[in-house]
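**Q** Below is structure-v1.cif; it holds mmCIF, N, CA and C atoms, pLDDT in the B column; chains and numbers go by the auth columns.
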```cif
data_run
#
loop_
_atom_site.group_PDB
_atom_site.id
_atom_site.type_symbol
_atom_site.label_atom_id
_atom_site.label_comp_id
_atom_site.label_asym_id
_atom_site.label_seq_id
_atom_site.Cartn_x
_atom_site.Cartn_y
_atom_site.Cartn_z
_atom_site.B_iso_or_equiv
_atom_site.auth_seq_id
_atom_site.auth_asym_id
ATOM 1 N N MET A 1 143.124 134.584 113.266 45.00 1 A
ATOM 2 C CA MET A 1 143.304 133.150 113.355 45.00 1 A
ATOM 3 C C MET A 1 142.870 132.620 114.714 45.00 1 A
ATOM 4 N N HIS A 2 143.169 133.336 115.731 48.00 2 A
ATOM 5 C CA HIS A 2 142.836 132.893 117.070 48.00 2 A
ATOM 6 C C HIS A 2 141.323 132.726 117.244 48.00 2 A
ATOM 7 N N SER A 3 140.539 133.634 116.677 49.00 3 A
ATOM 8 C CA SER A 3 139.089 133.539 116.822 49.00 3 A
ATOM 9 C C SER A 3 138.544 132.352 116.040 49.00 3 A
ATOM 10 N N ASP A 4 139.162 132.020 114.888 50.00 4 A
ATOM 11 C CA ASP A 4 138.755 130.856 114.112 50.00 4 A
ATOM 12 C C ASP A 4 138.987 129.580 114.908 50.00 4 A
ATOM 13 N N ARG A 5 140.107 129.537 115.590 52.00 5 A
ATOM 14 C CA ARG A 5 140.410 128.373 116.419 52.00 5 A
ATOM 15 C C ARG A 5 139.385 128.235 117.537 52.00 5 A
ATOM 16 N N GLY A 6 138.977 129.333 118.111 48.00 6 A
ATOM 17 C CA GLY A 6 137.975 129.318 119.167 48.00 6 A
ATOM 18 C C GLY A 6 136.640 128.791 118.678 48.00 6 A
ATOM 19 N N ALA A 7 136.272 129.109 117.436 51.00 7 A
ATOM 20 C CA ALA A 7 135.009 128.619 116.872 51.00 7 A
ATOM 21 C C ALA A 7 135.069 127.109 116.706 51.00 7 A
ATOM 22 N N ARG A 8 136.206 126.610 116.234 59.00 8 A
ATOM 23 C CA ARG A 8 136.336 125.156 116.078 59.00 8 A
ATOM 24 C C ARG A 8 136.339 124.464 117.434 59.00 8 A
ATOM 25 N N ASP A 9 136.996 125.061 118.407 71.00 9 A
ATOM 26 C CA ASP A 9 136.991 124.474 119.743 71.00 9 A
ATOM 27 C C ASP A 9 135.586 124.441 120.317 71.00 9 A
ATOM 28 N N GLY A 10 134.813 125.491 120.073 75.00 10 A
ATOM 29 C CA GLY A 10 133.430 125.540 120.542 75.00 10 A
ATOM 30 C C GLY A 10 132.582 124.477 119.875 75.00 10 A
ATOM 31 N N SER A 11 132.781 124.295 118.582 75.00 11 A
ATOM 32 C CA SER A 11 132.046 123.264 117.841 75.00 11 A
ATOM 33 C C SER A 11 132.445 121.872 118.338 75.00 11 A
ATOM 34 N N GLY A 12 133.738 121.719 118.559 76.00 12 A
ATOM 35 C CA GLY A 12 134.222 120.438 119.060 76.00 12 A
ATOM 36 C C GLY A 12 133.664 120.124 120.430 76.00 12 A
ATOM 37 N N ALA A 13 133.592 121.141 121.280 79.00 13 A
ATOM 38 C CA ALA A 13 133.043 120.940 122.618 79.00 13 A
ATOM 39 C C ALA A 13 131.564 120.585 122.548 79.00 13 A
ATOM 40 N N ALA A 14 130.839 121.250 121.637 77.00 14 A
ATOM 41 C CA ALA A 14 129.410 120.952 121.489 77.00 14 A
ATOM 42 C C ALA A 14 129.215 119.527 120.963 77.00 14 A
ATOM 43 N N LEU A 15 130.046 119.151 119.996 74.00 15 A
ATOM 44 C CA LEU A 15 129.967 117.789 119.453 74.00 15 A
ATOM 45 C C LEU A 15 130.304 116.766 120.524 74.00 15 A
ATOM 46 N N ASP A 16 131.338 117.058 121.293 79.00 16 A
ATOM 47 C CA ASP A 16 131.740 116.148 122.360 79.00 16 A
ATOM 48 C C ASP A 16 130.622 115.989 123.385 79.00 16 A
ATOM 49 N N LYS A 17 129.988 117.091 123.748 77.00 17 A
ATOM 50 C CA LYS A 17 128.889 117.043 124.726 77.00 17 A
ATOM 51 C C LYS A 17 127.730 116.216 124.175 77.00 17 A
ATOM 52 N N HIS A 18 127.411 116.432 122.889 76.00 18 A
ATOM 53 C CA HIS A 18 126.325 115.686 122.241 76.00 18 A
ATOM 54 C C HIS A 18 126.679 114.192 122.168 76.00 18 A
ATOM 55 N N TYR A 19 127.911 113.896 121.801 81.00 19 A
ATOM 56 C CA TYR A 19 128.374 112.506 121.687 81.00 19 A
ATOM 57 C C TYR A 19 128.368 111.808 123.043 81.00 19 A
ATOM 58 N N GLN A 20 128.773 112.503 124.087 83.00 20 A
ATOM 59 C CA GLN A 20 128.827 111.914 125.422 83.00 20 A
ATOM 60 C C GLN A 20 127.464 111.384 125.851 83.00 20 A
ATOM 61 N N GLY A 21 126.414 112.126 125.552 82.00 21 A
ATOM 62 C CA GLY A 21 125.060 111.669 125.889 82.00 21 A
ATOM 63 C C GLY A 21 124.719 110.364 125.184 82.00 21 A
ATOM 64 N N TYR A 22 125.035 110.308 123.886 87.00 22 A
ATOM 65 C CA TYR A 22 124.774 109.069 123.141 87.00 22 A
ATOM 66 C C TYR A 22 125.658 107.925 123.621 87.00 22 A
ATOM 67 N N ALA A 23 126.902 108.238 123.908 89.00 23 A
ATOM 68 C CA ALA A 23 127.834 107.204 124.363 89.00 23 A
ATOM 69 C C ALA A 23 127.366 106.593 125.678 89.00 23 A
ATOM 70 N N GLU A 24 126.930 107.422 126.596 89.00 24 A
ATOM 71 C CA GLU A 24 126.442 106.914 127.879 89.00 24 A
ATOM 72 C C GLU A 24 125.196 106.048 127.684 89.00 24 A
ATOM 73 N N THR A 25 124.300 106.487 126.805 90.00 25 A
ATOM 74 C CA THR A 25 123.086 105.704 126.525 90.00 25 A
ATOM 75 C C THR A 25 123.449 104.360 125.902 90.00 25 A
ATOM 76 N N MET A 26 124.368 104.368 124.941 91.00 26 A
ATOM 77 C CA MET A 26 124.765 103.117 124.295 91.00 26 A
ATOM 78 C C MET A 26 125.455 102.176 125.277 91.00 26 A
ATOM 79 N N LEU A 27 126.304 102.704 126.144 91.00 27 A
ATOM 80 C CA LEU A 27 126.965 101.860 127.137 91.00 27 A
ATOM 81 C C LEU A 27 125.961 101.237 128.089 91.00 27 A
ATOM 82 N N ARG A 28 124.960 102.015 128.490 93.00 28 A
ATOM 83 C CA ARG A 28 123.910 101.447 129.361 93.00 28 A
ATOM 84 C C ARG A 28 123.123 100.371 128.629 93.00 28 A
ATOM 85 N N ALA A 29 122.818 100.611 127.346 93.00 29 A
ATOM 86 C CA ALA A 29 122.079 99.612 126.559 93.00 29 A
ATOM 87 C C ALA A 29 122.872 98.316 126.435 93.00 29 A
ATOM 88 N N TRP A 30 124.181 98.426 126.174 91.00 30 A
ATOM 89 C CA TRP A 30 125.024 97.229 126.072 91.00 30 A
ATOM 90 C C TRP A 30 125.088 96.498 127.412 91.00 30 A
ATOM 91 N N GLU A 31 125.144 97.260 128.497 93.00 31 A
ATOM 92 C CA GLU A 31 125.184 96.632 129.817 93.00 31 A
ATOM 93 C C GLU A 31 123.892 95.864 130.092 93.00 31 A
ATOM 94 N N ILE A 32 122.757 96.472 129.768 92.00 32 A
ATOM 95 C CA ILE A 32 121.461 95.803 129.967 92.00 32 A
ATOM 96 C C ILE A 32 121.366 94.565 129.082 92.00 32 A
ATOM 97 N N LEU A 33 121.796 94.686 127.832 91.00 33 A
ATOM 98 C CA LEU A 33 121.770 93.540 126.922 91.00 33 A
ATOM 99 C C LEU A 33 122.649 92.410 127.451 91.00 33 A
ATOM 100 N N GLY A 34 123.837 92.758 127.909 89.00 34 A
ATOM 101 C CA GLY A 34 124.742 91.742 128.456 89.00 34 A
ATOM 102 C C GLY A 34 124.141 91.026 129.645 89.00 34 A
ATOM 103 N N ARG A 35 123.513 91.789 130.527 89.00 35 A
ATOM 104 C CA ARG A 35 122.883 91.164 131.700 89.00 35 A
ATOM 105 C C ARG A 35 121.713 90.282 131.294 89.00 35 A
ATOM 106 N N SER A 36 120.949 90.710 130.283 90.00 36 A
ATOM 107 C CA SER A 36 119.794 89.905 129.872 90.00 36 A
ATOM 108 C C SER A 36 120.216 88.619 129.180 90.00 36 A
ATOM 109 N N LEU A 37 121.397 88.601 128.566 88.00 37 A
ATOM 110 C CA LEU A 37 121.883 87.391 127.898 88.00 37 A
ATOM 111 C C LEU A 37 122.627 86.460 128.838 88.00 37 A
ATOM 112 N N GLU A 38 123.033 86.966 129.967 87.00 38 A
ATOM 113 C CA GLU A 38 123.808 86.166 130.911 87.00 38 A
ATOM 114 C C GLU A 38 123.010 84.962 131.406 87.00 38 A
ATOM 115 N N GLY A 39 121.762 85.166 131.772 88.00 39 A
ATOM 116 C CA GLY A 39 120.922 84.068 132.274 88.00 39 A
ATOM 117 C C GLY A 39 120.706 82.980 131.241 88.00 39 A
ATOM 118 N N PRO A 40 120.213 83.322 130.040 89.00 40 A
ATOM 119 C CA PRO A 40 120.033 82.284 129.017 89.00 40 A
ATOM 120 C C PRO A 40 121.341 81.613 128.630 89.00 40 A
ATOM 121 N N GLY A 41 122.439 82.357 128.618 89.00 41 A
ATOM 122 C CA GLY A 41 123.740 81.756 128.291 89.00 41 A
ATOM 123 C C GLY A 41 124.121 80.690 129.297 89.00 41 A
ATOM 124 N N THR A 42 123.888 80.981 130.571 90.00 42 A
ATOM 125 C CA THR A 42 124.162 80.014 131.637 90.00 42 A
ATOM 126 C C THR A 42 123.263 78.790 131.477 90.00 42 A
ATOM 127 N N ASP A 43 121.992 79.029 131.114 92.00 43 A
ATOM 128 C CA ASP A 43 121.059 77.923 130.908 92.00 43 A
ATOM 129 C C ASP A 43 121.498 77.033 129.743 92.00 43 A
ATOM 130 N N VAL A 44 122.004 77.638 128.680 92.00 44 A
ATOM 131 C CA VAL A 44 122.465 76.860 127.523 92.00 44 A
ATOM 132 C C VAL A 44 123.655 75.996 127.920 92.00 44 A
ATOM 133 N N VAL A 45 124.591 76.562 128.646 92.00 45 A
ATOM 134 C CA VAL A 45 125.756 75.790 129.090 92.00 45 A
ATOM 135 C C VAL A 45 125.312 74.629 129.968 92.00 45 A
ATOM 136 N N ARG A 46 124.409 74.879 130.900 94.00 46 A
ATOM 137 C CA ARG A 46 123.905 73.821 131.778 94.00 46 A
ATOM 138 C C ARG A 46 123.215 72.734 130.965 94.00 46 A
ATOM 139 N N SER A 47 122.454 73.120 129.953 95.00 47 A
ATOM 140 C CA SER A 47 121.761 72.148 129.106 95.00 47 A
ATOM 141 C C SER A 47 122.741 71.292 128.308 95.00 47 A
ATOM 142 N N VAL A 48 123.780 71.920 127.772 94.00 48 A
ATOM 143 C CA VAL A 48 124.786 71.162 127.003 94.00 48 A
ATOM 144 C C VAL A 48 125.505 70.172 127.904 94.00 48 A
ATOM 145 N N VAL A 49 125.881 70.603 129.088 94.00 49 A
ATOM 146 C CA VAL A 49 126.572 69.707 130.028 94.00 49 A
ATOM 147 C C VAL A 49 125.674 68.521 130.365 94.00 49 A
ATOM 148 N N ALA A 50 124.396 68.786 130.650 95.00 50 A
ATOM 149 C CA ALA A 50 123.467 67.699 130.987 95.00 50 A
ATOM 150 C C ALA A 50 123.295 66.744 129.808 95.00 50 A
ATOM 151 N N THR A 51 123.217 67.275 128.599 95.00 51 A
ATOM 152 C CA THR A 51 123.056 66.437 127.409 95.00 51 A
ATOM 153 C C THR A 51 124.278 65.552 127.191 95.00 51 A
ATOM 154 N N VAL A 52 125.468 66.109 127.341 94.00 52 A
ATOM 155 C CA VAL A 52 126.700 65.330 127.164 94.00 52 A
ATOM 156 C C VAL A 52 126.789 64.252 128.232 94.00 52 A
ATOM 157 N N GLU A 53 126.468 64.595 129.485 94.00 53 A
ATOM 158 C CA GLU A 53 126.516 63.603 130.557 94.00 53 A
ATOM 159 C C GLU A 53 125.525 62.477 130.301 94.00 53 A
ATOM 160 N N THR A 54 124.327 62.823 129.831 95.00 54 A
ATOM 161 C CA THR A 54 123.312 61.806 129.518 95.00 54 A
ATOM 162 C C THR A 54 123.787 60.922 128.378 95.00 54 A
ATOM 163 N N ASP A 55 124.366 61.537 127.359 93.00 55 A
ATOM 164 C CA ASP A 55 124.861 60.778 126.219 93.00 55 A
ATOM 165 C C ASP A 55 125.970 59.811 126.637 93.00 55 A
ATOM 166 N N LEU A 56 126.880 60.270 127.473 92.00 56 A
ATOM 167 C CA LEU A 56 127.962 59.392 127.936 92.00 56 A
ATOM 168 C C LEU A 56 127.431 58.248 128.786 92.00 56 A
ATOM 169 N N THR A 57 126.453 58.541 129.643 92.00 57 A
ATOM 170 C CA THR A 57 125.844 57.489 130.469 92.00 57 A
ATOM 171 C C THR A 57 125.153 56.460 129.595 92.00 57 A
ATOM 172 N N ASN A 58 124.394 56.927 128.598 90.00 58 A
ATOM 173 C CA ASN A 58 123.701 55.993 127.699 90.00 58 A
ATOM 174 C C ASN A 58 124.688 55.160 126.893 90.00 58 A
ATOM 175 N N ALA A 59 125.764 55.779 126.438 88.00 59 A
ATOM 176 C CA ALA A 59 126.770 55.031 125.677 88.00 59 A
ATOM 177 C C ALA A 59 127.413 53.965 126.549 88.00 59 A
ATOM 178 N N ARG A 60 127.686 54.307 127.800 87.00 60 A
ATOM 179 C CA ARG A 60 128.287 53.337 128.725 87.00 60 A
ATOM 180 C C ARG A 60 127.316 52.177 128.957 87.00 60 A
ATOM 181 N N GLN A 61 126.041 52.505 129.156 86.00 61 A
ATOM 182 C CA GLN A 61 125.050 51.452 129.400 86.00 61 A
ATOM 183 C C GLN A 61 124.866 50.581 128.168 86.00 61 A
ATOM 184 N N LEU A 62 124.877 51.174 126.990 84.00 62 A
ATOM 185 C CA LEU A 62 124.750 50.382 125.770 84.00 62 A
ATOM 186 C C LEU A 62 125.953 49.473 125.586 84.00 62 A
ATOM 187 N N GLY A 63 127.109 49.933 126.025 81.00 63 A
ATOM 188 C CA GLY A 63 128.309 49.116 125.939 81.00 63 A
ATOM 189 C C GLY A 63 128.250 47.907 126.847 81.00 63 A
ATOM 190 N N GLU A 64 127.423 47.968 127.879 78.00 64 A
ATOM 191 C CA GLU A 64 127.289 46.851 128.817 78.00 64 A
ATOM 192 C C GLU A 64 126.298 45.796 128.327 78.00 64 A
ATOM 193 N N VAL A 65 125.483 46.128 127.324 72.00 65 A
ATOM 194 C CA VAL A 65 124.498 45.177 126.798 72.00 65 A
ATOM 195 C C VAL A 65 125.247 44.133 125.975 72.00 65 A
ATOM 196 N N PRO A 66 125.042 42.864 126.304 74.00 66 A
ATOM 197 C CA PRO A 66 125.743 41.823 125.537 74.00 66 A
ATOM 198 C C PRO A 66 125.283 41.826 124.078 74.00 66 A
ATOM 199 N N HIS A 67 126.189 41.531 123.199 67.00 67 A
ATOM 200 C CA HIS A 67 125.873 41.505 121.781 67.00 67 A
ATOM 201 C C HIS A 67 124.924 40.342 121.494 67.00 67 A
ATOM 202 N N GLN A 68 123.811 40.660 120.876 60.00 68 A
ATOM 203 C CA GLN A 68 122.848 39.617 120.529 60.00 68 A
ATOM 204 C C GLN A 68 122.585 39.701 119.036 60.00 68 A
ATOM 205 N N GLN A 69 122.377 38.571 118.464 63.00 69 A
ATOM 206 C CA GLN A 69 122.112 38.533 117.038 63.00 69 A
ATOM 207 C C GLN A 69 120.714 39.068 116.772 63.00 69 A
ATOM 208 N N HIS A 70 120.591 39.840 115.708 60.00 70 A
ATOM 209 C CA HIS A 70 119.310 40.448 115.363 60.00 70 A
ATOM 210 C C HIS A 70 118.337 39.391 114.844 60.00 70 A
ATOM 211 N N ASN A 71 117.112 39.435 115.322 64.00 71 A
ATOM 212 C CA ASN A 71 116.051 38.540 114.860 64.00 71 A
ATOM 213 C C ASN A 71 114.920 39.428 114.366 64.00 71 A
ATOM 214 N N ARG A 72 114.614 39.379 113.070 67.00 72 A
ATOM 215 C CA ARG A 72 113.610 40.287 112.514 67.00 72 A
ATOM 216 C C ARG A 72 112.224 40.020 113.100 67.00 72 A
ATOM 217 N N HIS A 73 111.979 38.857 113.651 69.00 73 A
ATOM 218 C CA HIS A 73 110.675 38.565 114.265 69.00 73 A
ATOM 219 C C HIS A 73 110.633 39.067 115.706 69.00 73 A
ATOM 220 N N ARG A 74 111.771 39.320 116.274 62.00 74 A
ATOM 221 C CA ARG A 74 111.854 39.861 117.641 62.00 74 A
ATOM 222 C C ARG A 74 112.839 41.044 117.610 62.00 74 A
ATOM 223 N N PRO A 75 112.395 42.192 117.082 59.00 75 A
ATOM 224 C CA PRO A 75 113.299 43.320 116.875 59.00 75 A
ATOM 225 C C PRO A 75 113.878 43.900 118.165 59.00 75 A
ATOM 226 N N TRP A 76 113.269 43.592 119.293 59.00 76 A
ATOM 227 C CA TRP A 76 113.794 44.108 120.553 59.00 76 A
ATOM 228 C C TRP A 76 115.027 43.359 120.991 59.00 76 A
ATOM 229 N N ARG A 77 115.360 42.265 120.323 52.00 77 A
ATOM 230 C CA ARG A 77 116.549 41.478 120.670 52.00 77 A
ATOM 231 C C ARG A 77 117.674 41.753 119.738 52.00 77 A
#
```
Would it be possible to restate this file's structure as structure tokens?

**A**
Amino acid sequence: MHSDRGARDGSGAALDKHYQGYAETMLRAWEILGRSLEGPGTDVVRSVVATVETDLTNARQLGEVPHQQHNRHRPWR
């Protein structure tokens, strides 16, 4: 029985060693992916903030325009 246990321990150690290599590679890949997404993510947040600020400014400015009756011959009024 003792020798059977040793064979399983040896197999487990070999599997663990093999898995460790893949695990380290996958962790490095996830780290690289995370770093590569960090820049665009920051850019998206900056773009959303700028869009919301622009929208609020435009809404405020439109609110300041006096109400004028629509004239189909002068659509700009």

**Q** Rounded to one decimal, what separation in Å do you get between atom C of A:Glu31 and atom C of A:Lys17?

**A**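 These atoms are spaced 21.5 Å apart.
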
**Q** Quick one, how far is atom CA of A:Leu33 from atom CA of A:Ala14?

**A**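 About the pair atom CA of A:Leu33 and atom CA of A:Ala14: they are 29.0 Å apart.
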
**Q** Between atom CA of A:Leu56 and atom C of A:Pro40, what distance in Å does the model show, to one decimal?

**A** 23.2 Å
